[in-house]
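For reference, the structure discussed in these notes is given below.
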Amino acid sequence: MAGPSPEAERYDPRAIERKWQLVWEAENTWVVANPGSPEFDESKPKSYVLEMLPYPSGEPHVGHLKTYSVGDAIAHFRRRRGFSVLHPMGYDAFGLPAENNAIQTGEHPREATEKSISSFREQFMRWGISIDWTREIATTSRATTAGRSGSS
């Protein structure tokens, strides 16, 4: 009796990882409820994992993967220990890196930054990093800059 073919035993990362990413998205696996909402569990210990706010001035690279995979491991470890883990995402979009990216691409700084943020979001999702995407913020958003002097 022959065993399964080598093809049946092969790991197909694109198919398998995409399958689980869709499940996580559909089930809101990484979303954490706010205090006062019915889903909020007051009895769980709380944890906050924030690796950094990357500069969205180009494409994510292996340095981002290295940093976020460590934070992701910590978030998973704490979830397995019963913690409610808030693992947000943010972008530090002000300053020279964003300006240089806009100059390099020839685009308006807002357009270049928004494209970079979109690229970061897509890549982090493909990497399977357990970010609560309902907690995403950029320093260029009106909600973030509304309290700054001279902002509207």
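Note on naming: chains are A, B, ... as they come in the structure tokens, residues start from 1 per chain, ligands start from 1 in the order shown.
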
(request) Using DSSP on the backbone coordinates, identify the residues of chain A assigned to strand (DSSP E); present them as a ChimeraX atom specification. (result) /A:46-48,84-86,89-91,136-138

May I have the selected residues written with C-alpha atoms, as a short mmCIF file (atom, residue, chain, number, x, y, z; two decimals), in the first residue's frame?
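Result went into out02.cif, see below:
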data_model
loop_
_atom_site.label_atom_id
_atom_site.label_comp_id
_atom_site.auth_asym_id
_atom_site.auth_seq_id
_atom_site.Cartn_x
_atom_site.Cartn_y
_atom_site.Cartn_z
CA LYS A 46 -4.30 43.20 30.47
CA SER A 47 -1.20 43.50 28.28
CA TYR A 48 -0.09 46.12 25.77
CA SER A 84 -6.27 40.34 26.93
CA VAL A 85 -3.55 41.67 24.62
CA LEU A 86 -3.81 45.03 22.89
CA MET A 89 -0.32 49.53 14.83
CA GLY A 90 0.83 53.07 14.23
CA TYR A 91 3.00 55.02 11.81
CA GLU A 136 -4.35 51.59 13.61
CA ILE A 137 -3.25 55.23 13.66
CA ALA A 138 -0.90 57.48 11.72
#

Please report, as a compact mmCIF listing (two decimals) with all heavy atoms, in the first residue's frame, each residue of stretch 18-132 of chain A to which DSSP assigns helix (DSSP H, G or I) when run on this structure's backbone.
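Heads up, here's the output in states23.txt:
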# COMPACT_ATOMS: atom_id res chain seq x y z
N ARG A 18 -2.92 32.10 3.71
CA ARG A 18 -4.05 32.95 3.30
C ARG A 18 -5.35 32.45 3.91
O ARG A 18 -6.19 33.23 4.35
CB ARG A 18 -4.14 32.98 1.76
CG ARG A 18 -5.20 33.94 1.27
CD ARG A 18 -4.81 35.38 1.62
NE ARG A 18 -5.91 36.27 1.27
CZ ARG A 18 -6.29 37.30 2.02
NH1 ARG A 18 -5.67 37.59 3.12
NH2 ARG A 18 -7.29 38.04 1.64
N LYS A 19 -5.51 31.11 3.95
CA LYS A 19 -6.71 30.52 4.56
C LYS A 19 -6.87 31.02 5.99
O LYS A 19 -7.94 31.48 6.39
CB LYS A 19 -6.62 29.00 4.55
CG LYS A 19 -7.71 28.33 5.35
CD LYS A 19 -7.42 26.85 5.54
CE LYS A 19 -8.36 26.29 6.59
NZ LYS A 19 -8.08 24.92 6.94
N TRP A 20 -5.79 30.93 6.78
CA TRP A 20 -5.89 31.31 8.19
C TRP A 20 -5.99 32.82 8.38
O TRP A 20 -6.68 33.30 9.27
CB TRP A 20 -4.73 30.72 8.98
CG TRP A 20 -4.97 29.25 9.14
CD1 TRP A 20 -4.33 28.23 8.50
CD2 TRP A 20 -6.00 28.64 9.93
NE1 TRP A 20 -4.88 27.03 8.85
CE2 TRP A 20 -5.91 27.25 9.73
CE3 TRP A 20 -6.98 29.13 10.77
CZ2 TRP A 20 -6.76 26.34 10.35
CZ3 TRP A 20 -7.83 28.23 11.40
CH2 TRP A 20 -7.71 26.86 11.19
N GLN A 21 -5.37 33.59 7.51
CA GLN A 21 -5.50 35.04 7.60
C GLN A 21 -6.95 35.46 7.36
O GLN A 21 -7.46 36.36 8.04
CB GLN A 21 -4.56 35.71 6.60
CG GLN A 21 -3.11 35.55 6.99
CD GLN A 21 -2.14 35.77 5.85
OE1 GLN A 21 -2.53 36.10 4.74
NE2 GLN A 21 -0.86 35.56 6.12
N LEU A 22 -7.63 34.80 6.44
CA LEU A 22 -9.05 35.09 6.19
C LEU A 22 -9.91 34.71 7.39
O LEU A 22 -10.86 35.42 7.74
CB LEU A 22 -9.53 34.38 4.93
CG LEU A 22 -8.97 34.93 3.62
CD1 LEU A 22 -9.32 34.01 2.45
CD2 LEU A 22 -9.45 36.35 3.37
N VAL A 23 -9.58 33.59 8.04
CA VAL A 23 -10.31 33.17 9.25
C VAL A 23 -10.11 34.21 10.35
O VAL A 23 -11.07 34.65 10.99
CB VAL A 23 -9.85 31.77 9.73
CG1 VAL A 23 -10.39 31.46 11.13
CG2 VAL A 23 -10.28 30.70 8.74
N TRP A 24 -8.87 34.63 10.59
CA TRP A 24 -8.58 35.62 11.63
C TRP A 24 -9.33 36.92 11.35
O TRP A 24 -9.85 37.54 12.27
CB TRP A 24 -7.09 35.89 11.73
CG TRP A 24 -6.25 34.71 12.10
CD1 TRP A 24 -6.64 33.62 12.84
CD2 TRP A 24 -4.91 34.48 11.74
NE1 TRP A 24 -5.59 32.74 12.96
CE2 TRP A 24 -4.51 33.24 12.30
CE3 TRP A 24 -3.96 35.20 11.01
CZ2 TRP A 24 -3.24 32.71 12.15
CZ3 TRP A 24 -2.69 34.67 10.86
CH2 TRP A 24 -2.34 33.44 11.42
N GLU A 25 -9.36 37.33 10.09
CA GLU A 25 -10.06 38.56 9.73
C GLU A 25 -11.56 38.42 9.95
O GLU A 25 -12.20 39.28 10.54
CB GLU A 25 -9.76 38.92 8.27
CG GLU A 25 -10.34 40.24 7.85
CD GLU A 25 -10.00 40.58 6.41
OE1 GLU A 25 -9.07 39.98 5.82
OE2 GLU A 25 -10.69 41.46 5.87
N ALA A 26 -12.14 37.32 9.50
CA ALA A 26 -13.58 37.10 9.62
C ALA A 26 -14.01 37.00 11.09
O ALA A 26 -15.09 37.47 11.46
CB ALA A 26 -13.99 35.83 8.87
N GLU A 27 -13.18 36.38 11.91
CA GLU A 27 -13.52 36.18 13.32
C GLU A 27 -13.03 37.30 14.23
O GLU A 27 -13.22 37.24 15.44
CB GLU A 27 -12.96 34.84 13.80
CG GLU A 27 -13.61 33.66 13.12
CD GLU A 27 -13.07 32.32 13.60
OE1 GLU A 27 -12.11 32.29 14.41
OE2 GLU A 27 -13.61 31.29 13.17
N VAL A 62 12.97 43.42 5.87
CA VAL A 62 13.27 42.35 6.82
C VAL A 62 13.52 42.89 8.23
O VAL A 62 13.24 42.21 9.21
CB VAL A 62 14.43 41.47 6.31
CG1 VAL A 62 15.77 42.19 6.42
CG2 VAL A 62 14.47 40.14 7.04
N GLY A 63 13.99 44.11 8.36
CA GLY A 63 14.17 44.71 9.69
C GLY A 63 12.84 44.88 10.40
O GLY A 63 12.74 44.69 11.62
N HIS A 64 11.80 45.25 9.65
CA HIS A 64 10.46 45.34 10.25
C HIS A 64 9.97 43.96 10.66
O HIS A 64 9.43 43.79 11.75
CB HIS A 64 9.47 45.97 9.26
CG HIS A 64 9.77 47.39 8.94
ND1 HIS A 64 10.32 47.77 7.74
CD2 HIS A 64 9.61 48.53 9.66
CE1 HIS A 64 10.47 49.09 7.73
NE2 HIS A 64 10.05 49.57 8.89
N LEU A 65 10.17 42.97 9.78
CA LEU A 65 9.74 41.61 10.11
C LEU A 65 10.43 41.12 11.37
O LEU A 65 9.81 40.53 12.25
CB LEU A 65 10.02 40.67 8.94
CG LEU A 65 9.69 39.20 9.18
CD1 LEU A 65 8.24 39.00 9.57
CD2 LEU A 65 10.04 38.38 7.95
N LYS A 66 11.72 41.39 11.48
CA LYS A 66 12.48 40.97 12.67
C LYS A 66 11.90 41.58 13.94
O LYS A 66 11.65 40.89 14.93
CB LYS A 66 13.95 41.37 12.50
CG LYS A 66 14.83 40.99 13.64
CD LYS A 66 16.26 41.45 13.35
CE LYS A 66 17.14 41.26 14.55
NZ LYS A 66 18.49 41.77 14.32
N THR A 67 11.66 42.86 13.91
CA THR A 67 11.13 43.56 15.08
C THR A 67 9.72 43.10 15.43
O THR A 67 9.43 42.79 16.58
CB THR A 67 11.13 45.08 14.82
OG1 THR A 67 12.48 45.50 14.58
CG2 THR A 67 10.55 45.85 15.99
N TYR A 68 8.84 43.05 14.44
CA TYR A 68 7.45 42.71 14.70
C TYR A 68 7.25 41.23 15.00
O TYR A 68 6.31 40.88 15.71
CB TYR A 68 6.54 43.18 13.56
CG TYR A 68 6.26 44.65 13.70
CD1 TYR A 68 7.10 45.60 13.13
CD2 TYR A 68 5.18 45.10 14.45
CE1 TYR A 68 6.86 46.95 13.30
CE2 TYR A 68 4.94 46.44 14.63
CZ TYR A 68 5.78 47.37 14.05
OH TYR A 68 5.56 48.70 14.23
N SER A 69 8.10 40.36 14.51
CA SER A 69 7.94 38.94 14.83
C SER A 69 8.24 38.69 16.31
O SER A 69 7.60 37.85 16.95
CB SER A 69 8.78 38.05 13.93
OG SER A 69 10.15 38.33 14.07
N VAL A 70 9.18 39.44 16.88
CA VAL A 70 9.46 39.31 18.32
C VAL A 70 8.26 39.81 19.13
O VAL A 70 7.80 39.13 20.06
CB VAL A 70 10.76 40.07 18.70
CG1 VAL A 70 10.92 40.12 20.21
CG2 VAL A 70 11.97 39.42 18.04
N GLY A 71 7.73 40.97 18.78
CA GLY A 71 6.55 41.49 19.47
C GLY A 71 5.36 40.57 19.31
O GLY A 71 4.59 40.36 20.25
N ASP A 72 5.22 39.97 18.13
CA ASP A 72 4.12 39.05 17.88
C ASP A 72 4.25 37.81 18.76
O ASP A 72 3.26 37.33 19.30
CB ASP A 72 4.11 38.66 16.40
CG ASP A 72 2.81 38.04 15.97
OD1 ASP A 72 1.75 38.62 16.29
OD2 ASP A 72 2.85 37.00 15.30
N ALA A 73 5.47 37.32 18.92
CA ALA A 73 5.69 36.16 19.79
C ALA A 73 5.31 36.50 21.23
O ALA A 73 4.68 35.69 21.93
CB ALA A 73 7.15 35.72 19.72
N ILE A 74 5.65 37.70 21.68
CA ILE A 74 5.29 38.13 23.04
C ILE A 74 3.76 38.22 23.17
O ILE A 74 3.19 37.75 24.16
CB ILE A 74 5.96 39.49 23.37
CG1 ILE A 74 7.48 39.29 23.50
CG2 ILE A 74 5.37 40.10 24.64
CD1 ILE A 74 8.27 40.59 23.52
N ALA A 75 3.11 38.80 22.15
CA ALA A 75 1.64 38.92 22.19
C ALA A 75 0.99 37.54 22.25
O ALA A 75 0.07 37.32 23.05
CB ALA A 75 1.15 39.69 20.96
N HIS A 76 1.46 36.60 21.43
CA HIS A 76 0.91 35.25 21.45
C HIS A 76 1.16 34.56 22.79
O HIS A 76 0.27 33.89 23.33
CB HIS A 76 1.51 34.40 20.31
CG HIS A 76 0.88 34.67 18.99
ND1 HIS A 76 -0.41 34.32 18.68
CD2 HIS A 76 1.39 35.25 17.88
CE1 HIS A 76 -0.67 34.68 17.42
NE2 HIS A 76 0.41 35.24 16.93
N PHE A 77 2.36 34.71 23.32
CA PHE A 77 2.70 34.12 24.62
C PHE A 77 1.75 34.61 25.70
O PHE A 77 1.21 33.83 26.47
CB PHE A 77 4.15 34.45 24.98
CG PHE A 77 4.57 33.97 26.34
CD1 PHE A 77 4.97 32.66 26.53
CD2 PHE A 77 4.56 34.83 27.43
CE1 PHE A 77 5.36 32.20 27.78
CE2 PHE A 77 4.94 34.39 28.69
CZ PHE A 77 5.35 33.07 28.86
N ARG A 78 1.51 35.92 25.72
CA ARG A 78 0.62 36.48 26.74
C ARG A 78 -0.83 36.05 26.53
O ARG A 78 -1.54 35.80 27.50
CB ARG A 78 0.76 38.00 26.77
CG ARG A 78 2.11 38.41 27.33
CD ARG A 78 2.28 39.89 27.44
NE ARG A 78 3.59 40.20 27.99
CZ ARG A 78 4.18 41.38 27.85
NH1 ARG A 78 3.56 42.37 27.22
NH2 ARG A 78 5.37 41.58 28.35
N ARG A 79 -1.27 35.96 25.28
CA ARG A 79 -2.63 35.47 25.02
C ARG A 79 -2.78 34.05 25.55
O ARG A 79 -3.81 33.70 26.12
CB ARG A 79 -2.94 35.51 23.53
CG ARG A 79 -3.21 36.89 23.00
CD ARG A 79 -3.66 36.83 21.53
NE ARG A 79 -3.61 38.15 20.96
CZ ARG A 79 -2.68 38.58 20.11
NH1 ARG A 79 -1.70 37.77 19.73
NH2 ARG A 79 -2.72 39.80 19.64
N ARG A 80 -1.77 33.22 25.32
CA ARG A 80 -1.81 31.82 25.78
C ARG A 80 -1.83 31.73 27.31
O ARG A 80 -2.23 30.73 27.87
CB ARG A 80 -0.62 31.02 25.26
CG ARG A 80 -0.48 30.92 23.77
CD ARG A 80 -1.55 30.05 23.14
NE ARG A 80 -1.37 29.84 21.71
CZ ARG A 80 -1.70 30.69 20.76
NH1 ARG A 80 -2.17 31.87 21.08
NH2 ARG A 80 -1.55 30.40 19.50
N LEU A 96 11.68 63.91 8.10
CA LEU A 96 12.56 63.75 6.95
C LEU A 96 12.34 62.46 6.17
O LEU A 96 12.35 62.50 4.93
CB LEU A 96 14.02 63.86 7.41
CG LEU A 96 15.04 64.20 6.35
CD1 LEU A 96 14.62 65.43 5.56
CD2 LEU A 96 16.39 64.41 7.00
N PRO A 97 12.13 61.29 6.80
CA PRO A 97 11.93 60.08 5.97
C PRO A 97 10.74 60.21 5.02
O PRO A 97 10.82 59.84 3.85
CB PRO A 97 11.69 58.98 7.01
CG PRO A 97 12.42 59.45 8.22
CD PRO A 97 12.23 60.95 8.22
N ALA A 98 9.63 60.77 5.50
CA ALA A 98 8.45 60.95 4.64
C ALA A 98 8.74 61.98 3.54
O ALA A 98 8.33 61.79 2.39
CB ALA A 98 7.25 61.37 5.47
N GLU A 99 9.43 63.03 3.91
CA GLU A 99 9.77 64.06 2.91
C GLU A 99 10.68 63.47 1.84
O GLU A 99 10.47 63.69 0.64
CB GLU A 99 10.45 65.24 3.59
CG GLU A 99 9.52 66.05 4.47
CD GLU A 99 10.26 67.15 5.23
OE1 GLU A 99 11.27 67.67 4.70
OE2 GLU A 99 9.82 67.49 6.34
N ASN A 100 11.71 62.74 2.25
CA ASN A 100 12.62 62.14 1.28
C ASN A 100 11.91 61.14 0.38
O ASN A 100 12.19 61.05 -0.82
CB ASN A 100 13.80 61.47 1.99
CG ASN A 100 14.78 62.47 2.54
OD1 ASN A 100 14.84 63.62 2.09
ND2 ASN A 100 15.56 62.06 3.53
N ASN A 101 10.98 60.37 0.94
CA ASN A 101 10.22 59.42 0.14
C ASN A 101 9.38 60.15 -0.91
O ASN A 101 9.31 59.72 -2.06
CB ASN A 101 9.32 58.56 1.05
CG ASN A 101 8.57 57.51 0.29
OD1 ASN A 101 9.13 56.78 -0.53
ND2 ASN A 101 7.28 57.41 0.53
N ALA A 102 8.76 61.26 -0.52
CA ALA A 102 7.96 62.03 -1.46
C ALA A 102 8.83 62.60 -2.58
O ALA A 102 8.45 62.58 -3.75
CB ALA A 102 7.23 63.15 -0.73
N ILE A 103 10.01 63.07 -2.22
CA ILE A 103 10.94 63.59 -3.24
C ILE A 103 11.36 62.48 -4.19
O ILE A 103 11.36 62.65 -5.41
CB ILE A 103 12.17 64.25 -2.56
CG1 ILE A 103 11.74 65.53 -1.85
CG2 ILE A 103 13.27 64.52 -3.59
CD1 ILE A 103 12.78 66.09 -0.89
N GLN A 104 11.69 61.32 -3.61
CA GLN A 104 12.11 60.17 -4.43
C GLN A 104 11.03 59.70 -5.38
O GLN A 104 11.30 59.36 -6.53
CB GLN A 104 12.49 59.01 -3.52
CG GLN A 104 13.92 58.62 -3.58
CD GLN A 104 14.23 57.48 -2.62
OE1 GLN A 104 13.41 57.05 -1.82
NE2 GLN A 104 15.44 56.99 -2.73
N THR A 105 9.79 59.65 -4.91
CA THR A 105 8.69 59.15 -5.75
C THR A 105 8.10 60.23 -6.65
O THR A 105 7.39 59.91 -7.59
CB THR A 105 7.56 58.57 -4.88
OG1 THR A 105 7.01 59.61 -4.07
CG2 THR A 105 8.04 57.40 -4.03
N PRO A 109 3.56 64.49 -0.57
CA PRO A 109 3.90 63.75 0.65
C PRO A 109 2.74 62.92 1.21
O PRO A 109 2.94 61.79 1.65
CB PRO A 109 4.35 64.83 1.63
CG PRO A 109 4.86 65.92 0.76
CD PRO A 109 4.00 65.89 -0.47
N ARG A 110 1.52 63.47 1.19
CA ARG A 110 0.37 62.71 1.71
C ARG A 110 0.13 61.46 0.86
O ARG A 110 -0.09 60.38 1.38
CB ARG A 110 -0.89 63.56 1.76
CG ARG A 110 -2.10 62.72 2.25
CD ARG A 110 -3.31 63.53 2.60
NE ARG A 110 -3.13 64.48 3.67
CZ ARG A 110 -3.14 64.19 4.98
NH1 ARG A 110 -3.29 62.96 5.38
NH2 ARG A 110 -2.98 65.13 5.87
N GLU A 111 0.18 61.59 -0.46
CA GLU A 111 -0.04 60.43 -1.35
C GLU A 111 1.05 59.38 -1.15
O GLU A 111 0.75 58.18 -1.06
CB GLU A 111 -0.09 60.88 -2.80
CG GLU A 111 -1.32 61.69 -3.16
CD GLU A 111 -1.23 62.28 -4.56
OE1 GLU A 111 -0.42 61.79 -5.37
OE2 GLU A 111 -1.97 63.23 -4.83
N ALA A 112 2.30 59.82 -1.10
CA ALA A 112 3.41 58.87 -0.92
C ALA A 112 3.30 58.16 0.42
O ALA A 112 3.52 56.94 0.51
CB ALA A 112 4.75 59.61 -1.03
N THR A 113 2.94 58.91 1.46
CA THR A 113 2.80 58.33 2.80
C THR A 113 1.63 57.35 2.84
O THR A 113 1.76 56.25 3.40
CB THR A 113 2.63 59.45 3.85
OG1 THR A 113 3.79 60.28 3.83
CG2 THR A 113 2.43 58.88 5.24
N GLU A 114 0.51 57.72 2.25
CA GLU A 114 -0.65 56.82 2.24
C GLU A 114 -0.35 55.53 1.49
O GLU A 114 -0.77 54.45 1.91
CB GLU A 114 -1.88 57.53 1.66
CG GLU A 114 -2.46 58.55 2.63
CD GLU A 114 -3.58 59.39 2.04
OE1 GLU A 114 -3.92 59.22 0.84
OE2 GLU A 114 -4.13 60.23 2.78
N LYS A 115 0.40 55.61 0.39
CA LYS A 115 0.79 54.41 -0.35
C LYS A 115 1.69 53.53 0.50
O LYS A 115 1.56 52.31 0.50
CB LYS A 115 1.50 54.78 -1.66
CG LYS A 115 0.56 55.17 -2.76
CD LYS A 115 1.32 55.42 -4.05
CE LYS A 115 0.38 55.86 -5.14
NZ LYS A 115 1.10 56.16 -6.39
N SER A 116 2.62 54.16 1.21
CA SER A 116 3.52 53.39 2.08
C SER A 116 2.75 52.72 3.20
O SER A 116 2.98 51.55 3.51
CB SER A 116 4.61 54.28 2.67
OG SER A 116 5.55 54.62 1.68
N ILE A 117 1.81 53.43 3.82
CA ILE A 117 1.00 52.85 4.89
C ILE A 117 0.20 51.66 4.36
O ILE A 117 0.13 50.61 5.00
CB ILE A 117 0.09 53.92 5.54
CG1 ILE A 117 0.94 54.87 6.39
CG2 ILE A 117 -1.02 53.27 6.37
CD1 ILE A 117 0.19 56.07 6.94
N SER A 118 -0.37 51.81 3.18
CA SER A 118 -1.12 50.71 2.57
C SER A 118 -0.21 49.51 2.34
O SER A 118 -0.60 48.36 2.58
CB SER A 118 -1.74 51.18 1.25
OG SER A 118 -2.44 50.15 0.63
N SER A 119 1.00 49.76 1.89
CA SER A 119 1.97 48.68 1.67
C SER A 119 2.35 48.00 2.98
O SER A 119 2.43 46.77 3.06
CB SER A 119 3.22 49.24 0.98
OG SER A 119 4.18 48.25 0.82
N PHE A 120 2.56 48.78 4.03
CA PHE A 120 2.88 48.23 5.35
C PHE A 120 1.73 47.35 5.83
O PHE A 120 1.95 46.22 6.27
CB PHE A 120 3.13 49.34 6.38
CG PHE A 120 4.56 49.77 6.47
CD1 PHE A 120 5.13 50.57 5.49
CD2 PHE A 120 5.34 49.37 7.53
CE1 PHE A 120 6.45 50.97 5.58
CE2 PHE A 120 6.66 49.75 7.63
CZ PHE A 120 7.22 50.56 6.64
N ARG A 121 0.50 47.86 5.74
CA ARG A 121 -0.67 47.12 6.21
C ARG A 121 -0.77 45.78 5.47
O ARG A 121 -0.94 44.72 6.08
CB ARG A 121 -1.93 47.94 5.99
CG ARG A 121 -3.19 47.32 6.55
CD ARG A 121 -4.44 48.17 6.27
NE ARG A 121 -4.30 49.55 6.70
CZ ARG A 121 -4.22 50.61 5.87
NH1 ARG A 121 -4.29 50.44 4.57
NH2 ARG A 121 -4.09 51.83 6.35
N GLU A 122 -0.66 45.83 4.14
CA GLU A 122 -0.78 44.60 3.33
C GLU A 122 0.32 43.60 3.69
O GLU A 122 0.06 42.41 3.87
CB GLU A 122 -0.69 44.96 1.85
CG GLU A 122 -0.78 43.76 0.94
CD GLU A 122 -0.62 44.14 -0.53
OE1 GLU A 122 -0.93 45.29 -0.92
OE2 GLU A 122 -0.17 43.26 -1.29
N GLN A 123 1.55 44.08 3.83
CA GLN A 123 2.66 43.17 4.12
C GLN A 123 2.55 42.57 5.52
O GLN A 123 2.78 41.39 5.71
CB GLN A 123 4.00 43.89 3.96
CG GLN A 123 5.18 42.96 4.02
CD GLN A 123 5.17 41.93 2.90
OE1 GLN A 123 5.05 42.27 1.73
NE2 GLN A 123 5.27 40.66 3.25
N PHE A 124 2.19 43.38 6.50
CA PHE A 124 2.06 42.87 7.86
C PHE A 124 0.94 41.83 7.94
O PHE A 124 1.06 40.85 8.66
CB PHE A 124 1.82 44.01 8.85
CG PHE A 124 3.08 44.72 9.26
CD1 PHE A 124 3.94 45.26 8.32
CD2 PHE A 124 3.40 44.86 10.59
CE1 PHE A 124 5.10 45.90 8.70
CE2 PHE A 124 4.57 45.51 10.98
CZ PHE A 124 5.42 46.03 10.02
N MET A 125 -0.12 42.05 7.20
CA MET A 125 -1.20 41.06 7.16
C MET A 125 -0.70 39.77 6.50
O MET A 125 -1.00 38.67 6.97
CB MET A 125 -2.42 41.61 6.43
CG MET A 125 -3.17 42.64 7.23
SD MET A 125 -4.56 43.29 6.27
CE MET A 125 -5.35 44.32 7.49
N ARG A 126 0.06 39.89 5.42
CA ARG A 126 0.61 38.70 4.75
C ARG A 126 1.59 37.96 5.65
O ARG A 126 1.68 36.73 5.59
CB ARG A 126 1.27 39.09 3.44
CG ARG A 126 0.26 39.50 2.38
CD ARG A 126 0.90 39.92 1.10
NE ARG A 126 1.44 38.74 0.43
CZ ARG A 126 2.27 38.81 -0.58
NH1 ARG A 126 2.67 39.97 -1.05
NH2 ARG A 126 2.71 37.71 -1.16
N TRP A 127 2.32 38.69 6.45
CA TRP A 127 3.24 38.05 7.40
C TRP A 127 2.48 37.37 8.52
O TRP A 127 3.03 36.55 9.25
CB TRP A 127 4.21 39.06 7.99
CG TRP A 127 5.31 39.53 7.07
CD1 TRP A 127 5.79 38.88 5.97
CD2 TRP A 127 6.05 40.74 7.17
NE1 TRP A 127 6.78 39.62 5.39
CE2 TRP A 127 6.98 40.76 6.11
CE3 TRP A 127 6.02 41.80 8.06
CZ2 TRP A 127 7.88 41.81 5.91
CZ3 TRP A 127 6.92 42.85 7.87
CH2 TRP A 127 7.83 42.85 6.80

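What separates atom CA of A:Thr134 from atom CA of A:Ile16 is a distance of 24.2 Å.
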
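Of the residues under consideration (A:Glu107, A:Gly58, A:Arg135, A:Tyr11), A:Arg135 shows the shortest atom-to-atom contact distance to A:His87 when counting only C-alpha atoms.
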
(request) Name the closest residue to A:Val49 among the candidates A:Phe94, A:Phe83, A:Gly106, A:Arg10; distances are taken between atoms, counting only C-alpha atoms. (result) A:Phe83

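Here atom CA of A:Glu17 and atom CA of A:Ile129 stand 11.4 Å from one another.
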
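Straight-line separation from atom CA of A:Pro35 to atom CA of A:Gly82: 16.9 Å.
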
(request) Using only C-alpha atoms, pick whichever of A:Thr139, A:Ser37, A:His108, A:Lys44 has the shortest atom-to-atom distance to A:Pro56. (result)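 Closest candidate: A:Thr139.
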